[in-house]
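Content type compact mmCIF, C-alpha atoms (C1' of nucleotides), from the file final.txt:
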# COMPACT_ATOMS: atom_id res chain seq x y z
CA MET A 805 -44.51 9.23 3.19
CA ALA A 806 -43.02 12.62 2.54
CA LEU A 807 -46.01 14.91 2.88
CA GLU A 808 -45.21 15.20 6.57
CA HIS A 809 -41.71 16.25 5.69
CA ALA A 810 -42.79 18.67 3.00
CA ILE A 811 -45.00 20.31 5.61
CA LEU A 812 -42.16 20.36 8.13
CA VAL A 813 -39.92 22.10 5.59
CA SER A 814 -42.60 24.63 4.84
CA LEU A 815 -43.22 25.33 8.52
CA ALA A 816 -39.48 25.50 9.21
CA GLU A 817 -39.32 28.30 6.67
CA LYS A 818 -42.36 30.10 8.09
CA THR A 819 -45.28 29.32 10.40
CA ALA A 820 -48.60 28.86 8.65
CA SER A 821 -52.21 27.80 8.97
CA GLY A 822 -53.55 24.77 7.16
CA TYR A 823 -55.04 27.13 4.64
CA ASP A 824 -51.70 28.87 4.07
CA LEU A 825 -50.03 25.50 3.57
CA ALA A 826 -52.68 24.49 1.07
CA ARG A 827 -51.88 27.59 -0.96
CA ARG A 828 -48.16 26.90 -0.79
CA PHE A 829 -48.91 23.40 -2.07
CA ASP A 830 -50.74 25.00 -4.98
CA ALA A 831 -47.59 26.89 -5.94
CA SER A 832 -43.85 26.63 -5.10
CA ILE A 833 -43.52 23.33 -3.26
CA GLY A 834 -46.65 22.13 -4.95
CA HIS A 835 -44.93 21.87 -8.31
CA PHE A 836 -43.01 18.90 -6.92
CA TRP A 837 -45.39 17.60 -4.31
CA LYS A 838 -49.13 18.05 -4.60
CA ALA A 839 -51.52 17.93 -1.67
CA SER A 840 -55.14 18.88 -1.20
CA HIS A 841 -56.30 20.90 1.76
CA GLN A 842 -58.22 17.91 3.15
CA GLN A 843 -55.07 15.85 3.21
CA ILE A 844 -53.06 18.66 4.76
CA TYR A 845 -55.54 19.13 7.62
CA LYS A 846 -55.55 15.41 8.28
CA VAL A 847 -51.77 15.13 8.33
CA LEU A 848 -51.42 18.28 10.45
CA GLY A 849 -53.64 16.63 13.05
CA ARG A 850 -51.45 13.55 13.13
CA MET A 851 -48.30 15.65 13.25
CA GLU A 852 -49.63 17.61 16.19
CA SER A 853 -50.31 14.44 18.18
CA ASP A 854 -46.78 13.32 17.28
CA LYS A 855 -45.54 16.65 18.71
CA TRP A 856 -43.79 17.59 15.46
CA VAL A 857 -45.82 20.77 15.26
CA GLU A 858 -47.89 22.86 17.66
CA SER A 859 -50.73 25.24 17.00
CA HIS A 860 -52.42 28.23 18.51
CA LEU A 861 -55.66 29.90 17.53
CA VAL A 862 -55.44 33.38 16.07
CA ALA A 863 -58.53 35.57 15.96
CA GLN A 864 -58.85 37.84 12.96
CA ASP A 865 -60.98 40.81 11.94
CA ASN A 866 -63.58 40.19 9.25
CA ARG A 867 -62.29 36.67 8.82
CA PRO A 868 -62.68 33.30 10.48
CA ASP A 869 -60.23 32.37 13.22
CA LYS A 870 -57.24 30.42 12.11
CA LYS A 871 -54.99 27.82 13.66
CA VAL A 872 -51.37 28.78 13.10
CA TYR A 873 -48.94 25.90 13.20
CA SER A 874 -45.24 26.09 14.00
CA ILE A 875 -42.54 23.45 13.98
CA THR A 876 -41.30 22.11 17.35
CA GLY A 877 -37.84 20.99 18.41
CA GLU A 878 -38.94 17.42 17.87
CA GLY A 879 -40.14 18.40 14.41
CA ARG A 880 -36.74 19.84 13.58
CA ASP A 881 -35.08 16.68 14.88
CA GLU A 882 -37.31 14.59 12.67
CA LEU A 883 -36.54 16.77 9.67
CA ARG A 884 -32.84 16.41 10.27
CA ARG A 885 -33.16 12.65 10.76
CA TRP A 886 -35.14 12.36 7.55
CA THR A 887 -32.55 14.22 5.47
CA SER A 888 -29.87 11.84 6.69
CA VAL A 889 -31.74 8.76 5.44
CA PRO A 890 -31.30 7.85 1.75
CA THR A 891 -34.30 8.52 -0.48
CA PRO A 892 -35.45 5.61 -2.60
CA VAL A 893 -35.47 6.53 -6.29
CA GLU A 894 -39.14 6.91 -7.08
CA ALA A 895 -40.52 4.74 -9.85
CA LEU A 896 -41.85 6.54 -12.87
CA ARG A 897 -45.42 6.14 -13.78
CA SER A 898 -46.39 7.23 -17.21
CA GLU A 899 -49.86 6.72 -18.54
CA LEU A 900 -48.59 8.00 -21.88
CA ALA A 901 -46.08 5.15 -21.99
CA VAL A 902 -48.90 2.67 -21.54
CA LYS A 903 -50.83 4.41 -24.30
CA LEU A 904 -47.90 4.24 -26.66
CA ARG A 905 -47.79 0.49 -26.17
CA ALA A 906 -51.50 0.46 -26.90
CA LEU A 907 -50.91 2.07 -30.32
CA PRO A 908 -51.62 -1.09 -32.34
CA PHE A 909 -54.94 -1.55 -30.52
CA GLY A 910 -56.08 2.03 -30.25
CA ASP A 911 -56.73 5.33 -31.92
CA ALA A 912 -53.40 6.62 -33.23
CA ASP A 913 -54.76 10.03 -34.27
CA ALA A 914 -56.17 10.70 -30.82
CA ILE A 915 -52.87 9.72 -29.24
CA VAL A 916 -50.97 12.10 -31.52
CA ALA A 917 -53.38 14.90 -30.63
CA ASP A 918 -52.86 14.06 -26.97
CA VAL A 919 -49.10 14.29 -27.34
CA ARG A 920 -49.40 17.67 -29.00
CA THR A 921 -51.45 18.97 -26.06
CA ARG A 922 -48.96 17.53 -23.66
CA ARG A 923 -46.09 19.20 -25.45
CA GLN A 924 -47.82 22.53 -24.99
CA ALA A 925 -48.37 21.85 -21.31
CA HIS A 926 -44.66 21.06 -20.86
CA ALA A 927 -43.67 24.19 -22.78
CA ALA A 928 -45.98 26.36 -20.68
CA GLN A 929 -44.62 24.91 -17.44
CA LEU A 930 -41.05 25.41 -18.64
CA ALA A 931 -41.80 29.03 -19.51
CA TYR A 932 -43.24 29.49 -16.05
CA TYR A 933 -40.14 28.05 -14.38
CA GLU A 934 -37.89 30.20 -16.51
CA GLU A 935 -39.85 33.28 -15.57
CA SER A 936 -39.57 32.41 -11.89
CA ALA A 937 -35.86 31.83 -12.30
CA ALA A 938 -35.32 35.16 -14.02
CA LYS A 939 -37.37 36.90 -11.35
CA PHE A 940 -35.97 35.33 -8.19
CA TYR A 941 -32.46 34.41 -9.30
CA PRO A 942 -31.35 36.99 -11.87
CA ASP A 943 -27.74 36.02 -11.28
CA PRO A 944 -27.49 32.21 -11.00
CA ASP A 945 -23.78 32.36 -10.21
CA SER A 946 -24.33 34.15 -6.94
CA ILE A 947 -27.19 32.66 -5.03
CA ALA A 948 -27.47 32.94 -1.26
CA ASP A 949 -26.65 29.72 0.57
CA ASP A 950 -30.13 29.25 1.98
CA ALA A 951 -31.69 29.67 -1.46
CA VAL A 952 -29.53 27.09 -3.25
CA GLY A 953 -32.00 24.29 -2.53
CA ALA A 954 -34.93 26.14 -4.02
CA TRP A 955 -32.85 27.08 -7.05
CA LEU A 956 -31.81 23.48 -7.64
CA VAL A 957 -35.41 22.36 -7.35
CA LEU A 958 -36.37 24.91 -9.98
CA ARG A 959 -33.57 23.62 -12.21
CA GLY A 960 -34.89 20.09 -11.73
CA GLY A 961 -38.31 21.25 -12.84
CA MET A 962 -36.84 22.82 -15.96
CA LEU A 963 -34.91 19.68 -16.83
CA VAL A 964 -38.04 17.56 -16.41
CA GLU A 965 -40.04 19.81 -18.71
CA GLN A 966 -37.26 19.94 -21.29
CA GLY A 967 -37.12 16.15 -21.22
CA GLY A 968 -40.89 15.99 -21.62
CA ILE A 969 -40.76 18.28 -24.63
CA ALA A 970 -37.94 16.28 -26.20
CA TRP A 971 -39.95 13.08 -25.76
CA CYS A 972 -43.09 14.59 -27.29
CA ASP A 973 -41.06 15.82 -30.25
CA GLU A 974 -39.61 12.37 -30.86
CA ILE A 975 -43.05 10.81 -30.66
CA LEU A 976 -44.54 13.35 -33.05
CA GLN A 977 -41.70 12.90 -35.48
CA ARG A 978 -42.31 9.16 -35.59
CA LEU A 979 -46.08 9.18 -35.58
CA ALA A 980 -47.17 12.38 -37.28
CA GLU A 981 -44.78 12.40 -40.18
CA ARG A 982 -46.38 9.69 -42.21
CA MET B 955 -56.70 4.28 -12.98
CA ALA B 956 -54.54 2.87 -15.73
CA LEU B 957 -53.49 -0.45 -14.25
CA GLU B 958 -56.55 -1.95 -15.90
CA HIS B 959 -55.41 -0.55 -19.19
CA ALA B 960 -51.82 -1.61 -18.79
CA ILE B 961 -53.12 -5.14 -18.20
CA LEU B 962 -55.42 -4.90 -21.22
CA VAL B 963 -52.46 -3.88 -23.40
CA SER B 964 -50.40 -6.73 -22.07
CA LEU B 965 -53.18 -9.24 -22.66
CA ALA B 966 -53.89 -7.81 -26.11
CA GLU B 967 -50.29 -8.62 -26.99
CA LYS B 968 -50.45 -12.10 -25.50
CA THR B 969 -52.68 -14.09 -23.12
CA ALA B 970 -51.24 -14.61 -19.66
CA SER B 971 -51.89 -15.78 -16.12
CA GLY B 972 -51.78 -13.39 -13.18
CA TYR B 973 -48.35 -14.71 -12.41
CA ASP B 974 -47.14 -14.06 -15.96
CA LEU B 975 -48.48 -10.52 -15.77
CA ALA B 976 -46.72 -9.96 -12.48
CA ARG B 977 -43.45 -10.92 -14.13
CA ARG B 978 -44.12 -8.62 -17.07
CA PHE B 979 -44.74 -5.85 -14.56
CA ASP B 980 -41.33 -6.60 -13.08
CA ALA B 981 -39.71 -5.96 -16.46
CA SER B 982 -40.75 -4.27 -19.74
CA ILE B 983 -44.02 -2.51 -18.91
CA GLY B 984 -43.01 -2.43 -15.28
CA HIS B 985 -40.35 0.18 -15.94
CA PHE B 986 -43.14 2.67 -16.56
CA TRP B 987 -45.94 1.23 -14.49
CA LYS B 988 -45.26 -0.83 -11.38
CA ALA B 989 -47.74 -3.30 -9.91
CA SER B 990 -47.47 -6.03 -7.31
CA HIS B 991 -48.98 -9.47 -7.85
CA GLN B 992 -51.59 -8.85 -5.14
CA GLN B 993 -52.80 -5.80 -6.95
CA ILE B 994 -52.83 -7.57 -10.30
CA TYR B 995 -54.92 -10.48 -9.02
CA LYS B 996 -57.39 -8.09 -7.46
CA VAL B 997 -57.76 -5.99 -10.59
CA LEU B 998 -58.02 -9.08 -12.80
CA GLY B 999 -60.96 -10.21 -10.69
CA ARG B 1000 -62.71 -6.90 -11.19
CA MET B 1001 -61.91 -6.88 -14.89
CA GLU B 1002 -63.38 -10.34 -15.28
CA SER B 1003 -66.65 -9.29 -13.69
CA ASP B 1004 -66.63 -6.28 -16.02
CA LYS B 1005 -66.22 -8.75 -18.92
CA TRP B 1006 -63.05 -7.05 -20.15
CA VAL B 1007 -61.17 -10.32 -19.82
CA GLU B 1008 -62.08 -13.98 -19.51
CA SER B 1009 -60.16 -16.85 -18.00
CA HIS B 1010 -59.88 -20.59 -18.25
CA LEU B 1011 -58.04 -22.97 -15.96
CA VAL B 1012 -55.05 -24.76 -17.41
CA ALA B 1013 -53.71 -27.86 -15.68
CA GLN B 1014 -49.96 -28.28 -15.77
CA ASP B 1015 -47.52 -31.10 -15.05
CA ASN B 1016 -45.45 -30.73 -11.92
CA ARG B 1017 -46.86 -27.28 -11.31
CA PRO B 1018 -49.97 -25.72 -9.83
CA ASP B 1019 -52.89 -25.09 -12.15
CA LYS B 1020 -53.03 -21.66 -13.63
CA LYS B 1021 -55.77 -19.32 -14.73
CA VAL B 1022 -54.99 -17.98 -18.17
CA TYR B 1023 -56.63 -14.68 -19.01
CA SER B 1024 -57.41 -13.34 -22.45
CA ILE B 1025 -58.87 -10.05 -23.57
CA THR B 1026 -62.50 -10.00 -24.76
CA GLY B 1027 -64.14 -7.92 -27.47
CA GLU B 1028 -65.44 -5.61 -24.76
CA GLY B 1029 -61.91 -5.33 -23.42
CA ARG B 1030 -60.66 -4.30 -26.85
CA ASP B 1031 -63.45 -1.74 -27.10
CA GLU B 1032 -62.49 -0.32 -23.74
CA LEU B 1033 -58.84 -0.15 -24.76
CA ARG B 1034 -59.75 1.71 -27.92
CA ARG B 1035 -62.05 4.06 -26.02
CA TRP B 1036 -59.32 4.75 -23.49
CA THR B 1037 -56.72 5.65 -26.12
CA SER B 1038 -59.12 8.19 -27.61
CA VAL B 1039 -59.51 10.07 -24.32
CA PRO B 1040 -56.82 12.65 -23.48
CA THR B 1041 -54.40 11.69 -20.72
CA PRO B 1042 -54.00 14.23 -17.93
CA VAL B 1043 -50.35 15.25 -17.53
CA GLU B 1044 -49.28 13.49 -14.37
CA ALA B 1045 -47.91 15.68 -11.60
CA LEU B 1046 -44.32 15.08 -10.67
CA ARG B 1047 -43.54 13.97 -7.21
CA SER B 1048 -39.98 14.24 -6.10
CA GLU B 1049 -38.91 13.46 -2.59
CA LEU B 1050 -35.46 14.70 -3.54
CA ALA B 1051 -36.92 18.12 -4.37
CA VAL B 1052 -38.41 18.28 -0.89
CA LYS B 1053 -35.05 17.30 0.57
CA LEU B 1054 -33.26 19.99 -1.37
CA ARG B 1055 -35.58 22.57 0.16
CA ALA B 1056 -34.76 21.03 3.52
CA LEU B 1057 -31.03 21.73 3.00
CA PRO B 1058 -30.83 24.60 5.51
CA PHE B 1059 -32.45 22.42 8.20
CA GLY B 1060 -30.83 19.09 7.47
CA ASP B 1061 -27.69 17.12 6.89
CA ALA B 1062 -26.10 18.47 3.70
CA ASP B 1063 -23.41 15.78 3.53
CA ALA B 1064 -25.97 13.00 3.69
CA ILE B 1065 -28.01 14.65 0.95
CA VAL B 1066 -24.95 14.93 -1.28
CA ALA B 1067 -24.17 11.27 -0.68
CA ASP B 1068 -27.77 10.44 -1.54
CA VAL B 1069 -27.55 12.35 -4.80
CA ARG B 1070 -24.39 10.48 -5.74
CA THR B 1071 -26.15 7.16 -5.20
CA ARG B 1072 -29.10 8.37 -7.20
CA ARG B 1073 -26.86 9.41 -10.05
CA GLN B 1074 -25.49 5.90 -10.19
CA ALA B 1075 -28.97 4.43 -10.20
CA HIS B 1076 -29.95 6.65 -13.12
CA ALA B 1077 -26.77 5.75 -15.00
CA ALA B 1078 -27.38 2.04 -14.45
CA GLN B 1079 -30.95 2.30 -15.66
CA LEU B 1080 -29.87 4.28 -18.70
CA ALA B 1081 -27.25 1.65 -19.53
CA TYR B 1082 -29.92 -1.01 -19.24
CA TYR B 1083 -32.25 0.85 -21.62
CA GLU B 1084 -29.43 1.39 -24.09
CA GLU B 1085 -28.60 -2.29 -24.01
CA SER B 1086 -32.23 -3.20 -24.64
CA ALA B 1087 -32.38 -0.72 -27.48
CA ALA B 1088 -29.25 -2.11 -29.11
CA LYS B 1089 -30.54 -5.63 -28.71
CA PHE B 1090 -34.13 -5.24 -29.87
CA TYR B 1091 -33.84 -2.29 -32.25
CA PRO B 1092 -30.40 -2.44 -33.83
CA ASP B 1093 -31.58 -0.17 -36.62
CA PRO B 1094 -33.75 2.62 -35.16
CA ASP B 1095 -34.55 4.01 -38.60
CA SER B 1096 -36.43 0.92 -39.66
CA ILE B 1097 -38.70 -0.29 -36.89
CA ALA B 1098 -41.77 -2.38 -37.59
CA ASP B 1099 -45.02 -0.44 -37.22
CA ASP B 1100 -46.30 -2.50 -34.32
CA ALA B 1101 -43.02 -2.00 -32.44
CA VAL B 1102 -42.90 1.79 -32.72
CA GLY B 1103 -44.80 2.25 -29.46
CA ALA B 1104 -42.42 0.11 -27.45
CA TRP B 1105 -39.46 1.87 -29.03
CA LEU B 1106 -40.83 5.30 -28.15
CA VAL B 1107 -41.44 4.17 -24.60
CA LEU B 1108 -37.84 3.03 -24.38
CA ARG B 1109 -36.71 6.41 -25.72
CA GLY B 1110 -38.83 8.09 -23.07
CA GLY B 1111 -37.11 6.05 -20.40
CA MET B 1112 -33.71 7.07 -21.72
CA LEU B 1113 -34.66 10.75 -21.76
CA VAL B 1114 -35.91 10.53 -18.19
CA GLU B 1115 -32.68 8.93 -17.01
CA GLN B 1116 -30.55 11.42 -18.89
CA GLY B 1117 -32.52 14.21 -17.30
CA GLY B 1118 -32.05 12.63 -13.89
CA ILE B 1119 -28.32 12.39 -14.41
CA ALA B 1120 -28.11 16.00 -15.57
CA TRP B 1121 -30.00 17.13 -12.47
CA CYS B 1122 -27.75 15.14 -10.13
CA ASP B 1123 -24.70 16.62 -11.82
CA GLU B 1124 -25.98 20.17 -11.35
CA ILE B 1125 -26.75 19.47 -7.71
CA LEU B 1126 -23.34 17.96 -7.07
CA GLN B 1127 -21.62 20.84 -8.80
CA ARG B 1128 -23.38 23.32 -6.53
CA LEU B 1129 -23.15 21.38 -3.29
CA ALA B 1130 -20.05 19.25 -3.46
CA GLU B 1131 -17.65 21.77 -4.93
CA ARG B 1132 -17.14 23.86 -1.87
C1' DG C 909 -80.59 41.68 -4.14
C1' DG C 910 -78.19 37.67 -5.98
C1' DT C 911 -74.10 35.36 -7.62
C1' DT C 912 -69.37 34.54 -7.49
C1' DG C 913 -65.06 34.25 -5.17
C1' DC C 914 -62.07 34.21 -1.13
C1' DA C 915 -60.82 32.78 3.59
C1' DG C 916 -61.11 29.14 6.90
C1' DT C 917 -61.61 24.17 8.90
C1' DG C 918 -63.00 19.82 8.69
C1' DC C 919 -65.67 14.88 8.11
C1' DA C 920 -67.02 10.78 5.34
C1' DA C 921 -66.68 7.62 1.78
C1' DC C 922 -64.10 5.75 -1.52
C1' DT C 923 -60.16 4.14 -4.45
C1' DC C 924 -55.41 2.95 -4.97
C1' DA C 925 -51.39 0.70 -3.38
C1' DT C 926 -48.27 -1.53 -0.03
C1' DT C 927 -47.13 -4.97 3.44
C1' DG C 928 -47.72 -9.06 5.64
C1' DC C 929 -49.54 -13.52 5.74
C1' DA C 930 -51.31 -18.18 3.96
C1' DT C 931 -50.99 -22.27 1.23
C1' DA C 932 -48.98 -25.92 -1.66
C1' DG C 933 -46.23 -28.63 -4.76
C1' DT C 934 -41.74 -29.04 -7.36
C1' DA C 935 -36.83 -28.66 -8.19
C1' DC C 936 -32.16 -28.39 -6.88
C1' DG C 937 -27.88 -27.93 -4.40
C1' DG C 938 -25.23 -29.30 -0.38
C1' DC D 598 -33.04 -34.74 4.37
C1' DC D 599 -32.81 -29.85 4.78
C1' DG D 600 -33.14 -25.21 3.27
C1' DT D 601 -33.89 -22.22 -0.50
C1' DA D 602 -36.07 -20.74 -4.57
C1' DC D 603 -39.67 -20.95 -8.07
C1' DT D 604 -44.53 -21.43 -9.72
C1' DA D 605 -49.11 -20.18 -8.53
C1' DT D 606 -53.15 -17.79 -6.25
C1' DG D 607 -55.15 -15.16 -3.03
C1' DC D 608 -56.96 -12.58 1.68
C1' DA D 609 -56.58 -8.97 5.31
C1' DA D 610 -55.10 -4.84 7.24
C1' DT D 611 -53.29 -0.52 6.76
C1' DG D 612 -51.92 3.73 4.72
C1' DA D 613 -52.09 7.28 1.14
C1' DG D 614 -54.78 10.11 -1.66
C1' DT D 615 -59.10 11.78 -4.10
C1' DT D 616 -63.78 13.36 -4.30
C1' DG D 617 -67.70 15.12 -2.42
C1' DC D 618 -69.91 17.49 1.06
C1' DA D 619 -70.80 20.84 5.10
C1' DC D 620 -70.66 25.21 7.56
C1' DT D 621 -69.48 30.30 8.29
C1' DG D 622 -68.88 34.96 6.86
C1' DC D 623 -66.93 38.96 4.13
C1' DA D 624 -66.12 41.53 -0.23
C1' DA D 625 -66.90 42.62 -4.91
C1' DC D 626 -69.42 42.72 -9.04
C1' DC D 627 -73.56 43.07 -11.87
This entry written out as structure tokens:
Amino acid sequence: MALEHAILVSLAEKTASGYDLARRFDASIGHFWKASHQQIYKVLGRMESDKWVESHLVAQDNRPDKKVYSITGEGRDELRRWTSVPTPVEALRSELAVKLRALPFGDADAIVADVRTRRQAHAAQLAYYEESAAKFYPDPDSIADDAVGAWLVLRGGMLVEQGGIAWCDEILQRLAER
Amino acid sequence: MALEHAILVSLAEKTASGYDLARRFDASIGHFWKASHQQIYKVLGRMESDKWVESHLVAQDNRPDKKVYSITGEGRDELRRWTSVPTPVEALRSELAVKLRALPFGDADAIVADVRTRRQAHAAQLAYYEESAAKFYPDPDSIADDAVGAWLVLRGGMLVEQGGIAWCDEILQRLAER
DNA sequence: GGTTGCAGTGCAACTCATTGCATAGTACGG
DNA sequence: CCGTACTATGCAATGAGTTGCACTGCAACC
């Protein structure tokens, strides 16, 4: 149940409309927590009745009105409370793992092809993270205090992708070299 | 929608009751795909009406009757079809990443403590995988063909845990050493 | 003049998964 | 004999998340 909290973090950084949030969840935060706009609007409604956020309508030129949300005191309290509660380690869920166990009953060539594609996807994502890192944190040894979190998240993303690549390589070595 | 397929794999290896499957999903396969017994019974019902599996009642001494499921020809077809379709790369979802972005608005000490706990959990899981590997695959260079999948899955688990540990260490280095 | 894309908010239906509850017999330790 | 744990199957309610659809209007391209 962390979408609420992801939204709180995002609003704590900067007020936003549901639409703005949806775009943020397509990029930055979205690399580690996906959410569709439908879900965001629904949760925003619930959060507003819980008084964690409040909204006001903003009229715009040449564009539809928008509802800009901002975090409330209660929202900040909730965010602080949430950070002080231990996070359960999330279980992994790998469809590829299931497929690997299905090797004796399935199509080995297709699985190998799939792993190759997946390796490319991991490599592309890693390249993207590295680009972002070079762009936003050219000097990793001196990062502003309030940016350390975002930097560490980016590092986590890189480590995940590197791990993914390493796994694909091991699989290909075993399965393709025969 | 891979629980069906995880069950098909498990039944292709060996027939089982819902209860047996639930225990398998607490161990081996369960490290990469969790499922509760309620969910398993429900999905088994659906799979039986889809003719992917069939069941017969087995009476037991001193124990309740059980319904033993086995995979059908159609089930094997489905499994084969599924392995030949590319798997979408699953999005990562890290509550810890969200918490790291919440650092400026939250309780940094609690987050650091949380990361320490998480590091231990990763280390414990890694140790468990390494034990399993040593026990079941004492010689990784000569693994039977039908065991390669399970071995690769185990390797994937190890890589994930190693990545998790590396991330925790980076976080602790940044946040705790101050 | 028509299509595509962006900005903006939302409902409805559905699937997936968790949590809590129900039932029932056996085995075992204290 | 009492409580706990294991074997065994399942329903009901709720929450989380996806997919599909609906409506408006502007800007840009062909």
Output as a Markdown table one row per residue of chain D within 12 Å of chain B: the closest atom pair and its distance in Å to one decimal place, counting all atoms listed in the file, sorted by chain and residue number ascending.
| residue | atom | partner | partner_atom | distance |
| --- | --- | --- | --- | --- |
| D:DC603 | C1' | B:Arg1017 | CA | 10.1 |
| D:DT604 | C1' | B:Arg1017 | CA | 6.5 |
| D:DA605 | C1' | B:Pro1018 | CA | 5.8 |
| D:DT606 | C1' | B:Tyr995 | CA | 8.0 |
| D:DG607 | C1' | B:Gln992 | CA | 7.5 |
| D:DC608 | C1' | B:Gln992 | CA | 9.4 |
| D:DA609 | C1' | B:Gln992 | CA | 11.6 |
| D:DT615 | C1' | B:Met955 | CA | 11.9 |
Hey, list the chain C side of the contact with chain B: 8 Å cut-off, all atoms listed in the file, answer as a list in words.
-> DA925, DG933 and DT934 of chain C
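As for C1' of DT926 in chain C and C1' of DG614 in chain D, they are spaced 13.4 Å apart.
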Would you list which chain A residues are within 7 Å of chain B using only C-alpha atoms, as a VMD selection string?
-> chain A and resid 806 810 813 836 to 837 883 to 884 887 to 888 890 to 891 893 896 to 911 914 to 915 918 922 950 953 to 954 956 to 957 960 963 to 964 967 971 975
Between CA of Thr819 in chain A and CA of Ile875 in chain A, what is the spacing in Å?
->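 Distance reported for this atom pair: 7.4 Å.
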Quote the spacing between CA of Ala938 in chain A and CA of Phe829 in chain A in Å to one decimal place.
->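 About the pair CA of Ala938 in chain A and CA of Phe829 in chain A: they are 21.6 Å apart.
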Mind checking which residues fall within 12 Å of DC626 in chain D, counting only C-alpha atoms (C1' of nucleotides), ignoring those fewer than 4 positions away in the same chain, and posting them as a ChimeraX atom specification?
-> /C:910-913
Counting all atoms listed in the file, what is within 10 Å of DC618 in chain D, bar same-chain residues fewer than 2 positions away, as a ChimeraX atom specification?
-> /C:919-920 /D:616
Would you list the contacts of Ser874 in chain A as a ChimeraX atom specification, taking every protein, DNA or RNA residue within 7 Å and counting all atoms listed in the file, but skipping same-chain residues closer than 2 positions in sequence?
-> /A:815,819-820,857-859,872,876
Nearest to Lys1005 in chain B, chosen from B:Ser982, B:Ala1081, B:Gly1029, B:Ala1098, with all atoms listed in the file counted in the distances =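 Among B:Ser982, B:Ala1081, B:Gly1029, B:Ala1098, it is B:Gly1029 that comes nearest to Lys1005 in chain B.
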